[in-house]
file coords_28.csv (CSV, C-alpha atoms)
chain,number,residue,atom,x,y,z
E,1,ALA,CA,5.0,0.9,2.4
E,2,LEU,CA,2.7,-1.2,0.3
E,3,PHE,CA,0.3,0.7,-1.9
E,4,PHE,CA,-2.7,-0.9,-3.4
E,5,SER,CA,-5.8,0.0,-5.4
E,6,LEU,CA,-8.7,-1.6,-7.2
E,7,SER,CA,-7.9,0.3,-10.4
E,8,PRO,CA,-4.7,0.6,-12.6
E,9,GLY,CA,-3.1,3.9,-13.0
E,10,THR,CA,-3.8,5.8,-16.2
E,11,GLY,CA,-2.9,9.4,-15.3
E,12,PRO,CA,-0.1,11.4,-13.7
E,13,ALA,CA,2.0,10.0,-10.9
E,14,VAL,CA,0.1,9.8,-7.6
E,15,PRO,CA,1.0,10.1,-4.7
E,16,TYR,CA,4.6,10.9,-5.6
E,17,PRO,CA,5.1,13.5,-8.4
E,18,GLY,CA,7.8,12.4,-10.8
E,19,ALA,CA,7.7,8.8,-9.7
E,20,PRO,CA,6.3,6.0,-12.0
E,21,THR,CA,3.2,5.2,-9.9
E,22,LEU,CA,1.2,2.5,-11.5
E,23,LEU,CA,-2.0,2.7,-9.4
E,24,GLY,CA,-5.3,4.5,-10.0
E,25,PRO,CA,-7.2,6.3,-7.3
E,26,PRO,CA,-8.2,5.8,-4.6
E,27,ILE,CA,-4.9,4.5,-3.4
E,28,PHE,CA,-4.6,2.8,0.0
E,29,SER,CA,-1.4,2.0,1.9
E,30,ASP,CA,0.0,0.0,4.8
E,31,LEU,CA,3.5,0.0,6.4
E,32,PHE,CA,5.5,-3.2,6.7
E,33,ALA,CA,9.0,-3.9,8.1
E,34,THR,CA,11.2,-5.9,5.7
E,35,SER,CA,13.9,-8.4,6.5
E,36,GLY,CA,17.3,-8.2,4.8
E,37,ALA,CA,20.6,-6.5,5.4
E,38,PRO,CA,20.7,-2.7,4.9
E,39,GLY,CA,22.5,-1.8,1.7
E,40,ALA,CA,21.9,-5.2,0.1
E,41,ALA,CA,19.9,-4.4,-3.0
E,42,GLY,CA,16.8,-6.6,-3.4
E,43,ALA,CA,17.4,-8.4,-0.1
E,44,GLY,CA,14.3,-7.2,1.8
E,45,THR,CA,11.2,-9.4,2.0
E,46,PHE,CA,7.9,-9.5,4.0
E,47,ALA,CA,4.9,-11.8,4.4
E,48,LEU,CA,1.3,-10.7,3.8
E,49,ASP,CA,-1.1,-13.1,5.5
E,50,LEU,CA,-4.7,-12.5,4.3
E,51,GLY,CA,-6.0,-15.3,6.5
E,52,PRO,CA,-9.7,-16.3,6.3
E,53,GLU,CA,-10.6,-13.2,4.4
E,54,LEU,CA,-8.9,-14.5,1.3
E,55,ALA,CA,-12.0,-16.4,0.1
E,56,ALA,CA,-14.0,-13.1,0.0
E,57,LEU,CA,-11.5,-11.8,-2.6
E,58,ALA,CA,-12.3,-14.5,-5.2
E,59,GLY,CA,-12.5,-12.8,-8.6
E,60,VAL,CA,-11.3,-9.4,-7.4
E,61,THR,CA,-8.3,-7.8,-9.1
E,62,VAL,CA,-6.0,-5.7,-6.9
E,63,TYR,CA,-3.1,-3.6,-8.1
E,64,PHE,CA,0.0,-3.4,-5.9
E,65,GLN,CA,3.2,-1.3,-5.8
E,66,ALA,CA,5.8,-1.0,-3.0
E,67,GLY,CA,7.7,2.0,-1.9
E,68,VAL,CA,10.9,2.0,0.1
E,69,SER,CA,13.2,4.6,1.7
E,70,ASP,CA,16.3,4.6,-0.4
E,71,PRO,CA,18.9,7.3,0.2
E,72,GLU,CA,20.6,6.6,-3.1
E,73,ALA,CA,17.4,7.1,-5.2
E,74,ALA,CA,16.1,10.4,-6.4
E,75,ASP,CA,14.1,12.2,-3.6
E,76,GLY,CA,15.2,9.5,-1.1
E,77,PHE,CA,12.7,6.8,-2.1
E,78,ALA,CA,12.1,4.2,-4.7
E,79,LEU,CA,9.0,2.5,-6.1
E,80,SER,CA,8.8,-1.1,-7.3
E,81,ASN,CA,7.3,-2.3,-10.6
E,82,GLY,CA,3.5,-2.8,-10.4
E,83,LEU,CA,1.7,-6.1,-9.8
E,84,GLU,CA,-1.8,-6.9,-11.0
E,85,LEU,CA,-3.2,-9.8,-9.0
E,86,THR,CA,-6.6,-11.5,-9.6
E,87,PHE,CA,-7.7,-13.7,-6.7
E,88,GLY,CA,-9.3,-17.0,-7.8
E,89,PHE,CA,-10.2,-20.4,-6.5
call {"tool": "encode", "arguments": {"input": "coords_28.csv", "output": "structure tokens"}}
result
Amino acid sequence: ALFFSLSPGTGPAVPYPGAPTLLGPPIFSDLFATSGAPGAAGAGTFALDLGPELAALAGVTVYFQAGVSDPEAADGFALSNGLELTFGF
């Protein structure tokens, strides 16, 4: 899942208690299938095509964090580092 927000996280972990969530509310999400071999750490990738809507995001900062199912991780899932992205042209 890809989680995103228009504000950085400043409080307790949301939506997963105990996980280092780096997004502030409200948090939105979308599901994506990744490529890569199962069991190969860091091998999964996906493409996010914003198409013609990209120009409407000029000057907007969005905060992203990915979550993946990981049977080896605590509670069976893992979260990525956060990404702060400001769109500009």
call {"tool": "residues_around", "arguments": {"input": "coords_28.csv", "residues": "Ala66 of chain E", "least_positions_apart": "3", "cutoff": "6 Å", "atoms": "all atoms listed in the file", "output": "list in words"}}
result
Ala1, Leu2, Phe3, Leu79 and Ser80 of chain E
call {"tool": "residues_around", "arguments": {"input": "coords_28.csv", "residues": "Asn81 of chain E", "least_positions_apart": "6", "cutoff": "9 Å", "atoms": "only C-alpha atoms", "output": "ChimeraX atom specification"}}
result
/E:20-22,64-66
call {"tool": "closest_residue", "arguments": {"input": "coords_28.csv", "among": "E:Ile27, E:Phe87, E:Ala37, E:Gly9", "to": "Glu53 of chain E", "atoms": "all atoms listed in the file"}}
result
E:Phe87
call {"tool": "axis_aligned_box", "arguments": {"input": "coords_28.csv", "around": "segment 22-33 of chain E", "padding_each_side": "6 Å", "output": "JSON"}}
result
{"center_x": 0.4, "center_y": 1.2, "center_z": -1.7, "size_x": 29.2, "size_y": 22.2, "size_z": 31.6}
call {"tool": "atom_distance", "arguments": {"input": "coords_28.csv", "atom1": "atom CA of Leu50 of chain E", "atom2": "atom CA of Thr34 of chain E"}}
result
17.3 Å
call {"tool": "atom_distance", "arguments": {"input": "coords_28.csv", "atom1": "atom CA of Pro26 of chain E", "atom2": "atom CA of Pro52 of chain E"}}
result
24.7 Å
call {"tool": "atom_distance", "arguments": {"input": "coords_28.csv", "atom1": "atom CA of Ser35 of chain E", "atom2": "atom CA of Val68 of chain E"}}
result
12.6 Å
call {"tool": "residues_around", "arguments": {"input": "coords_28.csv", "residues": "Pro25 of chain E", "least_positions_apart": "3", "cutoff": "9 Å", "atoms": "all atoms listed in the file", "output": "PDB file with C-alpha atoms, keeping the file's coordinate frame"}}
result
ATOM      1  CA  SER E   5      -5.800   0.000  -5.400  1.00  0.00           C
ATOM      2  CA  LEU E   6      -8.700  -1.600  -7.200  1.00  0.00           C
ATOM      3  CA  SER E   7      -7.900   0.300 -10.400  1.00  0.00           C
ATOM      4  CA  PRO E   8      -4.700   0.600 -12.600  1.00  0.00           C
ATOM      5  CA  GLY E   9      -3.100   3.900 -13.000  1.00  0.00           C
ATOM      6  CA  VAL E  14       0.100   9.800  -7.600  1.00  0.00           C
ATOM      7  CA  PHE E  28      -4.600   2.800   0.000  1.00  0.00           C
TER       8      PHE E  28
END
call {"tool": "decode", "arguments": {"input": "coords_28.csv", "residues": "segment 75-87 of chain E", "atoms": "all heavy atoms", "output": "PDB file, in the first residue's frame"}}
result
ATOM      1  N   ASP E  75       4.735  -8.000  13.528  1.00  0.00           N
ATOM      2  CA  ASP E  75       3.316  -7.861  13.164  1.00  0.00           C
ATOM      3  C   ASP E  75       3.033  -8.189  11.702  1.00  0.00           C
ATOM      4  O   ASP E  75       1.952  -7.887  11.204  1.00  0.00           O
ATOM      5  CB  ASP E  75       2.791  -6.465  13.494  1.00  0.00           C
ATOM      6  CG  ASP E  75       2.868  -6.163  14.987  1.00  0.00           C
ATOM      7  OD1 ASP E  75       2.619  -7.083  15.791  1.00  0.00           O
ATOM      8  OD2 ASP E  75       3.172  -5.009  15.354  1.00  0.00           O
ATOM      9  N   GLY E  76       4.014  -8.727  10.947  1.00  0.00           N
ATOM     10  CA  GLY E  76       3.762  -9.173   9.578  1.00  0.00           C
ATOM     11  C   GLY E  76       3.736  -8.103   8.518  1.00  0.00           C
ATOM     12  O   GLY E  76       3.326  -8.345   7.395  1.00  0.00           O
ATOM     13  N   PHE E  77       4.151  -6.890   8.845  1.00  0.00           N
ATOM     14  CA  PHE E  77       4.221  -5.829   7.839  1.00  0.00           C
ATOM     15  C   PHE E  77       5.406  -4.927   8.136  1.00  0.00           C
ATOM     16  O   PHE E  77       5.940  -4.925   9.244  1.00  0.00           O
ATOM     17  CB  PHE E  77       2.925  -4.995   7.790  1.00  0.00           C
ATOM     18  CG  PHE E  77       2.722  -4.130   9.005  1.00  0.00           C
ATOM     19  CD1 PHE E  77       3.195  -2.826   9.039  1.00  0.00           C
ATOM     20  CD2 PHE E  77       2.067  -4.626  10.120  1.00  0.00           C
ATOM     21  CE1 PHE E  77       3.030  -2.026  10.160  1.00  0.00           C
ATOM     22  CE2 PHE E  77       1.896  -3.835  11.247  1.00  0.00           C
ATOM     23  CZ  PHE E  77       2.367  -2.532  11.267  1.00  0.00           C
ATOM     24  N   ALA E  78       5.823  -4.173   7.119  1.00  0.00           N
ATOM     25  CA  ALA E  78       6.935  -3.236   7.271  1.00  0.00           C
ATOM     26  C   ALA E  78       6.574  -1.932   6.581  1.00  0.00           C
ATOM     27  O   ALA E  78       5.834  -1.924   5.596  1.00  0.00           O
ATOM     28  CB  ALA E  78       8.205  -3.819   6.660  1.00  0.00           C
ATOM     29  N   LEU E  79       7.083  -0.832   7.108  1.00  0.00           N
ATOM     30  CA  LEU E  79       6.872   0.494   6.515  1.00  0.00           C
ATOM     31  C   LEU E  79       8.202   1.048   6.023  1.00  0.00           C
ATOM     32  O   LEU E  79       9.244   0.834   6.633  1.00  0.00           O
ATOM     33  CB  LEU E  79       6.267   1.460   7.538  1.00  0.00           C
ATOM     34  CG  LEU E  79       4.855   1.137   8.006  1.00  0.00           C
ATOM     35  CD1 LEU E  79       4.437   2.090   9.126  1.00  0.00           C
ATOM     36  CD2 LEU E  79       3.874   1.229   6.861  1.00  0.00           C
ATOM     37  N   SER E  80       8.148   1.782   4.909  1.00  0.00           N
ATOM     38  CA  SER E  80       9.349   2.390   4.343  1.00  0.00           C
ATOM     39  C   SER E  80       9.719   3.648   5.121  1.00  0.00           C
ATOM     40  O   SER E  80       8.981   4.107   5.994  1.00  0.00           O
ATOM     41  CB  SER E  80       9.084   2.778   2.888  1.00  0.00           C
ATOM     42  OG  SER E  80       8.184   3.872   2.832  1.00  0.00           O
ATOM     43  N   ASN E  81      10.851   4.223   4.755  1.00  0.00           N
ATOM     44  CA  ASN E  81      11.168   5.570   5.203  1.00  0.00           C
ATOM     45  C   ASN E  81      10.148   6.523   4.570  1.00  0.00           C
ATOM     46  O   ASN E  81       9.476   6.175   3.607  1.00  0.00           O
ATOM     47  CB  ASN E  81      12.576   5.980   4.762  1.00  0.00           C
ATOM     48  CG  ASN E  81      13.635   5.188   5.483  1.00  0.00           C
ATOM     49  OD1 ASN E  81      13.450   4.743   6.605  1.00  0.00           O
ATOM     50  ND2 ASN E  81      14.776   4.997   4.832  1.00  0.00           N
ATOM     51  N   GLY E  82      10.029   7.710   5.087  1.00  0.00           N
ATOM     52  CA  GLY E  82       9.112   8.687   4.522  1.00  0.00           C
ATOM     53  C   GLY E  82       9.748   9.451   3.370  1.00  0.00           C
ATOM     54  O   GLY E  82      10.975   9.510   3.244  1.00  0.00           O
ATOM     55  N   LEU E  83       8.899  10.027   2.532  1.00  0.00           N
ATOM     56  CA  LEU E  83       9.355  10.850   1.411  1.00  0.00           C
ATOM     57  C   LEU E  83       8.548  12.134   1.404  1.00  0.00           C
ATOM     58  O   LEU E  83       7.315  12.102   1.444  1.00  0.00           O
ATOM     59  CB  LEU E  83       9.158  10.120   0.088  1.00  0.00           C
ATOM     60  CG  LEU E  83       9.404  10.950  -1.189  1.00  0.00           C
ATOM     61  CD1 LEU E  83      10.889  11.307  -1.312  1.00  0.00           C
ATOM     62  CD2 LEU E  83       8.928  10.198  -2.408  1.00  0.00           C
ATOM     63  N   GLU E  84       9.225  13.268   1.417  1.00  0.00           N
ATOM     64  CA  GLU E  84       8.573  14.571   1.262  1.00  0.00           C
ATOM     65  C   GLU E  84       8.840  15.032  -0.166  1.00  0.00           C
ATOM     66  O   GLU E  84       9.990  15.141  -0.582  1.00  0.00           O
ATOM     67  CB  GLU E  84       9.172  15.583   2.245  1.00  0.00           C
ATOM     68  CG  GLU E  84       8.588  16.981   2.093  1.00  0.00           C
ATOM     69  CD  GLU E  84       9.213  17.979   3.039  1.00  0.00           C
ATOM     70  OE1 GLU E  84       9.765  17.558   4.094  1.00  0.00           O
ATOM     71  OE2 GLU E  84       9.177  19.172   2.753  1.00  0.00           O
ATOM     72  N   LEU E  85       7.772  15.274  -0.924  1.00  0.00           N
ATOM     73  CA  LEU E  85       7.898  15.621  -2.343  1.00  0.00           C
ATOM     74  C   LEU E  85       7.121  16.903  -2.618  1.00  0.00           C
ATOM     75  O   LEU E  85       5.912  16.961  -2.375  1.00  0.00           O
ATOM     76  CB  LEU E  85       7.374  14.488  -3.205  1.00  0.00           C
ATOM     77  CG  LEU E  85       7.375  14.702  -4.711  1.00  0.00           C
ATOM     78  CD1 LEU E  85       8.797  14.856  -5.237  1.00  0.00           C
ATOM     79  CD2 LEU E  85       6.685  13.535  -5.402  1.00  0.00           C
ATOM     80  N   THR E  86       7.820  17.938  -3.092  1.00  0.00           N
ATOM     81  CA  THR E  86       7.162  19.175  -3.508  1.00  0.00           C
ATOM     82  C   THR E  86       7.192  19.218  -5.023  1.00  0.00           C
ATOM     83  O   THR E  86       8.262  19.183  -5.634  1.00  0.00           O
ATOM     84  CB  THR E  86       7.863  20.419  -2.933  1.00  0.00           C
ATOM     85  OG1 THR E  86       7.848  20.319  -1.512  1.00  0.00           O
ATOM     86  CG2 THR E  86       7.163  21.693  -3.368  1.00  0.00           C
ATOM     87  N   PHE E  87       6.019  19.273  -5.611  1.00  0.00           N
ATOM     88  CA  PHE E  87       5.902  19.315  -7.073  1.00  0.00           C
ATOM     89  C   PHE E  87       6.200  20.728  -7.560  1.00  0.00           C
ATOM     90  O   PHE E  87       5.745  21.702  -6.967  1.00  0.00           O
ATOM     91  CB  PHE E  87       4.493  18.909  -7.523  1.00  0.00           C
ATOM     92  CG  PHE E  87       4.176  17.479  -7.232  1.00  0.00           C
ATOM     93  CD1 PHE E  87       3.559  17.114  -6.048  1.00  0.00           C
ATOM     94  CD2 PHE E  87       4.521  16.489  -8.137  1.00  0.00           C
ATOM     95  CE1 PHE E  87       3.264  15.791  -5.784  1.00  0.00           C
ATOM     96  CE2 PHE E  87       4.235  15.163  -7.882  1.00  0.00           C
ATOM     97  CZ  PHE E  87       3.612  14.818  -6.695  1.00  0.00           C
TER      98      PHE E  87
END
